[in-house]
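Contents: one structure, followed by commentary.
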Amino acid sequence: METFSIDVLIIGAGGAGLRAAIEAKEQGASVLLVGKEVLGCAHTGMAMGGLNASMVSPATPKFHAQITNEGGYFINNRKIVKVFTDEMPARVLDLERYGVMFDRKDDGSFYVWAGSKQKYPLNICVGDYTGREMMQGLVDQSRKIGVMYKDECFISKLLTKGKRVIGAVGLDLKTGEIFSVSAASIILATGGAGRMYEVTTNAASNTGDGYALALDAGCALIDMEMVQFHPTGIAYPPSVRGVLVTEKVRAHGGILRNKNGERFMSRYFPKEMELAKRDEVSRSIYQEVKEGRGTVHDGVYLHVDHWKKEEIFDKIPDVYEQHKNIGIDISKEPMEIYPSMHHMMGGIRMNEWGKTTVKGLFVCGEVAGGVHGANRLGGNSIAEGQVFGRRSAISAVQYAKKHSRALIVTSDVTVEAERISAYRAGKHGVSPHIIESKLKKLMWEYVGIYRNEKDLLKAKKEILSLAKALKHMKARSDASTRNRDLQDCLEVSNMLKTAYAVVLCAFKRKESRGAHSRSDYPKTKKSWEKNIVIYQEKQKLILSYAGVVKSA
Ligand SMILES: Cc1cc2nc3c(=O)[nH]c(=O)nc-3n(C[C@H](O)[C@H](O)[C@H](O)COP(=O)(O)OP(=O)(O)OC[C@H]3O[C@@H](n4cnc5c(N)ncnc54)[C@H](O)[C@@H]3O)c2cc1C
């Protein structure tokens with residue numbers, strides 16, 4: 001069995017993990033970066049619209065912080081939001097140093113556009129393929145400075161000693177071999193969990209692994225009920241259902257209409273119209289469809305056919321191509337859209353230095369909680385990954401300097417290796433795909449845009465019954481090398497655990513706030529301006545509350 005010994009292990013090679021790896025390496029630490037896919041292909045590459053930073057006056061970090069907190073319905077950690085918004089301009093300049101060419105105007109200043117709530121524009125971009133360009137720059141820089149990358153590898157377990165993480169066990173997806181890593185400190189940058197929903201904008205790798213790994217290691221998560229549904233996912237055809245249509249479309253004058261041609265946002269948010277907050281637009285679309293004013297495919301229309309064609313090519317070339325591929329010319333006809341699960345606002349509890357509740361374990365990116373509160377503003381995610389990628393790396397390197405690597409207990413690795421091998425038995429047993437498809441359906445149906453006690457109880461019961469089926473789950477292939485079914489077994493277990501945490505927290509929050517809409521508790525209550533904390537003790541998930549960090 002291959003064993004690595006390293007100062008800092010970084011799990012996840014999206015925008016946040018890569019930024020962390022660059023920083024840790026530049027600080028002089030030995031670094032191993034692990035991701036489930038080939039380097040450069042992480043989910044961040046799908047980011048379209050852009051990232052927020054106060055690069056152009058009159059926008060300021062203070063304004064950026066203010067709308068982030070307002071947009072998050074005031075359960076964001078203010079200290080975290082302050083460092084995020086203060087440091088963002090410097091992180092943009094880092095990205096430019098790595099070779100990212102943001103759109104600029106003829107006079108050389110940044111081209112910025114205004115997303116939801118942005119009285120002063122904050123969103124800088126590269127067309128509507130910002131994530132792709134960002135990943136390119138980050139990968140180039142990490143290669144240039146010699147970050148060691150272990151691609152197509154799945155970390156399945158964090159190893160602990162007392163209350164500290166000391167390493168991890170992983171499966172090499174190419175060879176089927178198990179490996180272990182002894183690390184002085186670990187950064188989790190594993191991204192979100194969109195794949196636990198039937199309809200999502202997320203990449204295949206977003207299976208909630210980081211939340212499950214953290215819970216197993218005794219780490220606390222917060223506000224897991226806060227799941228964002230982006231208003232504009234493609235509604236039809238089924239092959240591309242859920243795929244994102246960027247907010248940049250509405251920000252540049254895209255118009256939403258129902259089947260009767262009514263610009264229905266005037267019914268719900270007459271002032272903000274299409275640029276109301278994401279949770280608000282999603283609920284409005286939901287209502288239109290529910291009341292019979294949706295399209296035949298249960299969506300609504302999004303028009304840009306009133307734009308000049310050059311503007312479409314200039315501002316949203318990827319959206320144009322996406323639709324051309326499904327036979328729709330958006331310069332002549334509308335898109336058909338419906339909300340799609342998009343982002344986890346909740347996640348691993350951290351402080352402003354990416355420190356978690358477990359010693360030696362740090363976090364950054366979407367898997368972390370606290371930045372976005374109850375609703376994320378467009379452009380704030382790939383941005384905050386840069387700030388907390390860097391900060392978590394600084395903390396992890398400092399920790400590694402003070403604490404030597406601990407010896408990994410061989411039997412801990414063997415137990416995990418045996419757990420993985422047991423799934424390999426082939427044919428006889430429950431297919432991971434059956435469990436996964438049941439989970440996706442129940443999450444979409446019972447834990448969606450609107451929730452209520454009855455549905456959440458149903459979800460809880462069904463998840464517990466699926467958890468029982470996990471014991472009989474088997475990969476249908478017994479291939480000892482690349483075995484996609486085996487990966488699915490590991491991912492389904494993680495999705496189920498993450499989903500269970502979402503359901504328990506959603507049940508606990510008896511109010512509506514941002515993305516968490518309870519039809520049985522429709523009001524937002526001051527008394528609920530607090531964070532819900534969840535952690536695992538003796539195999540049980542325990543819930544508690546924490547006051548929101550309000551002083552920056
Ligand atoms: C279509 C789309 C468009 C978006 N557009 C924007 C936008 O314009 N602006 C914006 O701010 N946000 C946008 N977002 C959100 C944003 O893209 C994500 O929140 C962000 O990219 C997350 O980055 P990350 O580095 O945390 O995670 P990811 O990019 O998801 O990377 C996670 C990494 O962790 C790895 N990993 C996961 N589990 C394991 C495991 N068990 N073992 C090993 N590796 C593991 C994965 O393989 C991957 O390398 C968009 C999201 C989508 C879906």
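Chain labels follow the order of the structure tokens: the first chain is A, the next B, and so on; residue numbering restarts at 1 in every chain, and ligands are counted from 1 in their shown order.
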
Would you mind listing what lies within 8 Å of A:Glu491 as a PDB file with C-alpha atoms, in the first residue's frame, with only C-alpha atoms counted and same-chain residues fewer than 6 positions away left out?
```
ATOM      1  CA  THR A 207     -21.628  14.482  -3.771  1.00  0.00           C
ATOM      2  CA  GLY A 208     -21.226  16.001  -0.321  1.00  0.00           C
ATOM      3  CA  ASP A 209     -18.125  13.956   0.576  1.00  0.00           C
TER       4      ASP A 209
END
```

Query raised in the report: Can you list, as a PyMOL selection string, every residue of stretch 267-335 of chain A that DSSP puts in alpha helix (DSSP H)?
Result: chain A and resi 267-268+278-290+309-315+317-324

Report task. Rank A:Ile155, A:Met101, A:Ile435, A:Ala203 by their smallest atom-to-atom distance to A:Gly191, using only C-alpha atoms, and report the top residue only. Result ->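 When distances to A:Gly191 are compared using only C-alpha atoms, the smallest one comes from A:Ala203.
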
Which residues of chain A come within 7 Å of ligand 1, and what is each one's closest atom pair and distance in Å (one decimal), counting only C-alpha atoms and all ligand atoms, sorted by chain and residue number, as a tab-separated table?
```
residue	atom	partner	partner_atom_place_in_ligand_line	distance
A:Ile11	CA	ligand 1	44 (N)	5.2
A:Gly12	CA	ligand 1	34 (O)	3.0
A:Ala13	CA	ligand 1	49 (O)	3.6
A:Gly14	CA	ligand 1	31 (O)	3.5
A:Gly15	CA	ligand 1	25 (O)	4.0
A:Ala16	CA	ligand 1	25 (O)	3.8
A:Gly17	CA	ligand 1	25 (O)	5.5
A:Val34	CA	ligand 1	43 (C)	5.4
A:Gly35	CA	ligand 1	44 (N)	3.6
A:Lys36	CA	ligand 1	47 (O)	3.7
A:Glu37	CA	ligand 1	47 (O)	5.2
A:Ala42	CA	ligand 1	49 (O)	4.5
A:His43	CA	ligand 1	29 (O)	3.9
A:Thr44	CA	ligand 1	21 (O)	3.3
A:Gly45	CA	ligand 1	29 (O)	6.9
A:Met46	CA	ligand 1	1 (C)	4.8
A:Ala47	CA	ligand 1	5 (N)	3.2
A:Met48	CA	ligand 1	8 (O)	3.9
A:Gly49	CA	ligand 1	8 (O)	3.4
A:Gly50	CA	ligand 1	8 (O)	4.1
A:Leu51	CA	ligand 1	11 (O)	5.0
A:Thr130	CA	ligand 1	8 (O)	6.5
A:Gly131	CA	ligand 1	8 (O)	6.8
A:Cys153	CA	ligand 1	43 (C)	5.7
A:Phe154	CA	ligand 1	42 (N)	3.7
A:Ile155	CA	ligand 1	42 (N)	3.8
A:Ser156	CA	ligand 1	41 (N)	5.6
A:Ala189	CA	ligand 1	26 (O)	5.4
A:Thr190	CA	ligand 1	34 (O)	3.3
A:Gly191	CA	ligand 1	27 (O)	3.4
A:Gly192	CA	ligand 1	30 (O)	5.9
A:Thr201	CA	ligand 1	53 (C)	4.5
A:Asn202	CA	ligand 1	53 (C)	4.0
A:Ala203	CA	ligand 1	53 (C)	6.4
A:Ser205	CA	ligand 1	47 (O)	5.4
A:Asn206	CA	ligand 1	30 (O)	5.9
A:Thr207	CA	ligand 1	38 (N)	6.9
A:Gly208	CA	ligand 1	38 (N)	6.9
A:Asp209	CA	ligand 1	38 (N)	4.9
A:Gly210	CA	ligand 1	38 (N)	6.0
A:Val243	CA	ligand 1	1 (C)	6.6
A:Leu244	CA	ligand 1	1 (C)	4.9
A:Thr246	CA	ligand 1	3 (C)	6.7
A:His342	CA	ligand 1	53 (C)	5.8
A:His343	CA	ligand 1	19 (O)	6.3
A:Cys364	CA	ligand 1	26 (O)	6.5
A:Gly365	CA	ligand 1	26 (O)	3.4
A:Glu366	CA	ligand 1	26 (O)	3.9
A:Val367	CA	ligand 1	26 (O)	6.0
A:Gly378	CA	ligand 1	11 (O)	5.7
A:Gly379	CA	ligand 1	11 (O)	3.3
A:Asn380	CA	ligand 1	11 (O)	4.3
A:Ser381	CA	ligand 1	11 (O)	3.5
A:Ile382	CA	ligand 1	11 (O)	3.9
A:Ala383	CA	ligand 1	11 (O)	5.6
A:Gly385	CA	ligand 1	26 (O)	6.1
```

Sorted by chain and rising residue number, list the residues of stretch 34-105 of chain A at most 12 Å from stretch 521-536 of chain A (counting only C-alpha atoms), each with its closest atom pair and distance in Å to one decimal, as a Markdown table.
```
| residue | atom | partner | partner_atom | distance |
| --- | --- | --- | --- | --- |
| A:Gly72 | CA | A:Glu529 | CA | 10.9 |
| A:Tyr73 | CA | A:Glu529 | CA | 8.4 |
| A:Phe74 | CA | A:Glu529 | CA | 6.9 |
| A:Ile75 | CA | A:Glu529 | CA | 6.0 |
| A:Asn76 | CA | A:Asn531 | CA | 8.6 |
| A:Asn77 | CA | A:Asn531 | CA | 9.3 |
```

**Report entry** Distance query stretch 229-240 of chain A at most 7 Å, only C-alpha atoms, self and fewer than 2 positions along chain excluded, as a list in words
**Finding:**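 Once the nearby chain positions are removed, what remains is Thr201, Val227, Gly242, Val243, Leu244, Val245, Arg278, Asp279, Val281, Ser282, His297, Gly299, Glu336, Ile337, Tyr338, Pro339, Ser340, Met341, His342 and Ile449 of chain A.
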
Report task. Can you work out which one of A:Ala65, A:Met473, A:Met273, A:Val300 has the shortest atom-to-atom distance to A:Ala425, counting only C-alpha atoms? Result -> A:Met473

Query raised in the report: Between atom CA of A:Val413 and atom CA of A:Leu173, what is the distance, to one decimal in Å?
Result: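 Those two atoms sit 17.2 Å apart.
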
Report task. Write down as an NGL selection string the residues belonging to stretch 229-458 of chain A that are assigned strand (DSSP E) by DSSP computed on the backbone. Result -> :A and (229-234 or 255-257 or 300-303 or 335-344 or 347-349 or 361-363 or 368-369 or 450-451)

Let's have the selection written as an mmCIF file, in the first residue's frame, with C-alpha atoms.
```cif
data_model
loop_
_atom_site.group_PDB
_atom_site.id
_atom_site.type_symbol
_atom_site.label_atom_id
_atom_site.label_comp_id
_atom_site.auth_asym_id
_atom_site.auth_seq_id
_atom_site.Cartn_x
_atom_site.Cartn_y
_atom_site.Cartn_z
ATOM 1 C CA PHE A 229 -32.204 26.852 -5.684
ATOM 2 C CA HIS A 230 -31.030 28.952 -8.602
ATOM 3 C CA PRO A 231 -34.071 30.403 -10.389
ATOM 4 C CA THR A 232 -32.865 29.708 -13.889
ATOM 5 C CA GLY A 233 -31.982 26.108 -14.657
ATOM 6 C CA ILE A 234 -32.925 24.728 -18.064
ATOM 7 C CA ILE A 255 -36.994 39.116 -18.971
ATOM 8 C CA LEU A 256 -39.088 36.416 -17.306
ATOM 9 C CA ARG A 257 -42.577 35.733 -18.654
ATOM 10 C CA VAL A 300 -41.403 29.751 -17.449
ATOM 11 C CA TYR A 301 -39.800 31.709 -20.271
ATOM 12 C CA LEU A 302 -36.594 33.716 -20.097
ATOM 13 C CA HIS A 303 -36.215 36.146 -22.988
ATOM 14 C CA MET A 335 -35.352 29.839 -23.048
ATOM 15 C CA GLU A 336 -37.521 27.607 -20.887
ATOM 16 C CA ILE A 337 -36.322 27.576 -17.289
ATOM 17 C CA TYR A 338 -37.201 26.362 -13.783
ATOM 18 C CA PRO A 339 -35.276 26.525 -10.467
ATOM 19 C CA SER A 340 -32.457 24.026 -9.996
ATOM 20 C CA MET A 341 -30.536 23.060 -6.840
ATOM 21 C CA HIS A 342 -27.393 25.165 -6.993
ATOM 22 C CA HIS A 343 -25.451 25.842 -3.821
ATOM 23 C CA MET A 344 -24.921 24.800 -0.207
ATOM 24 C CA GLY A 347 -21.264 23.741 5.709
ATOM 25 C CA ILE A 348 -18.309 23.097 7.957
ATOM 26 C CA ARG A 349 -18.147 25.613 10.762
ATOM 27 C CA LEU A 361 -8.457 20.412 10.135
ATOM 28 C CA PHE A 362 -9.068 23.523 8.026
ATOM 29 C CA VAL A 363 -11.647 24.307 5.381
ATOM 30 C CA ALA A 368 -17.403 25.717 4.425
ATOM 31 C CA GLY A 369 -20.305 27.485 6.147
ATOM 32 C CA TYR A 450 -40.733 24.853 0.140
ATOM 33 C CA ARG A 451 -40.571 22.539 3.130
#
```

Query raised in the report: So which residues touch A:Val126 within 6 Å, counting only C-alpha atoms, skipping near sequence neighbours fewer than 2 positions away, as an NGL selection string?
Result: :A and (102-103 or 129-130)
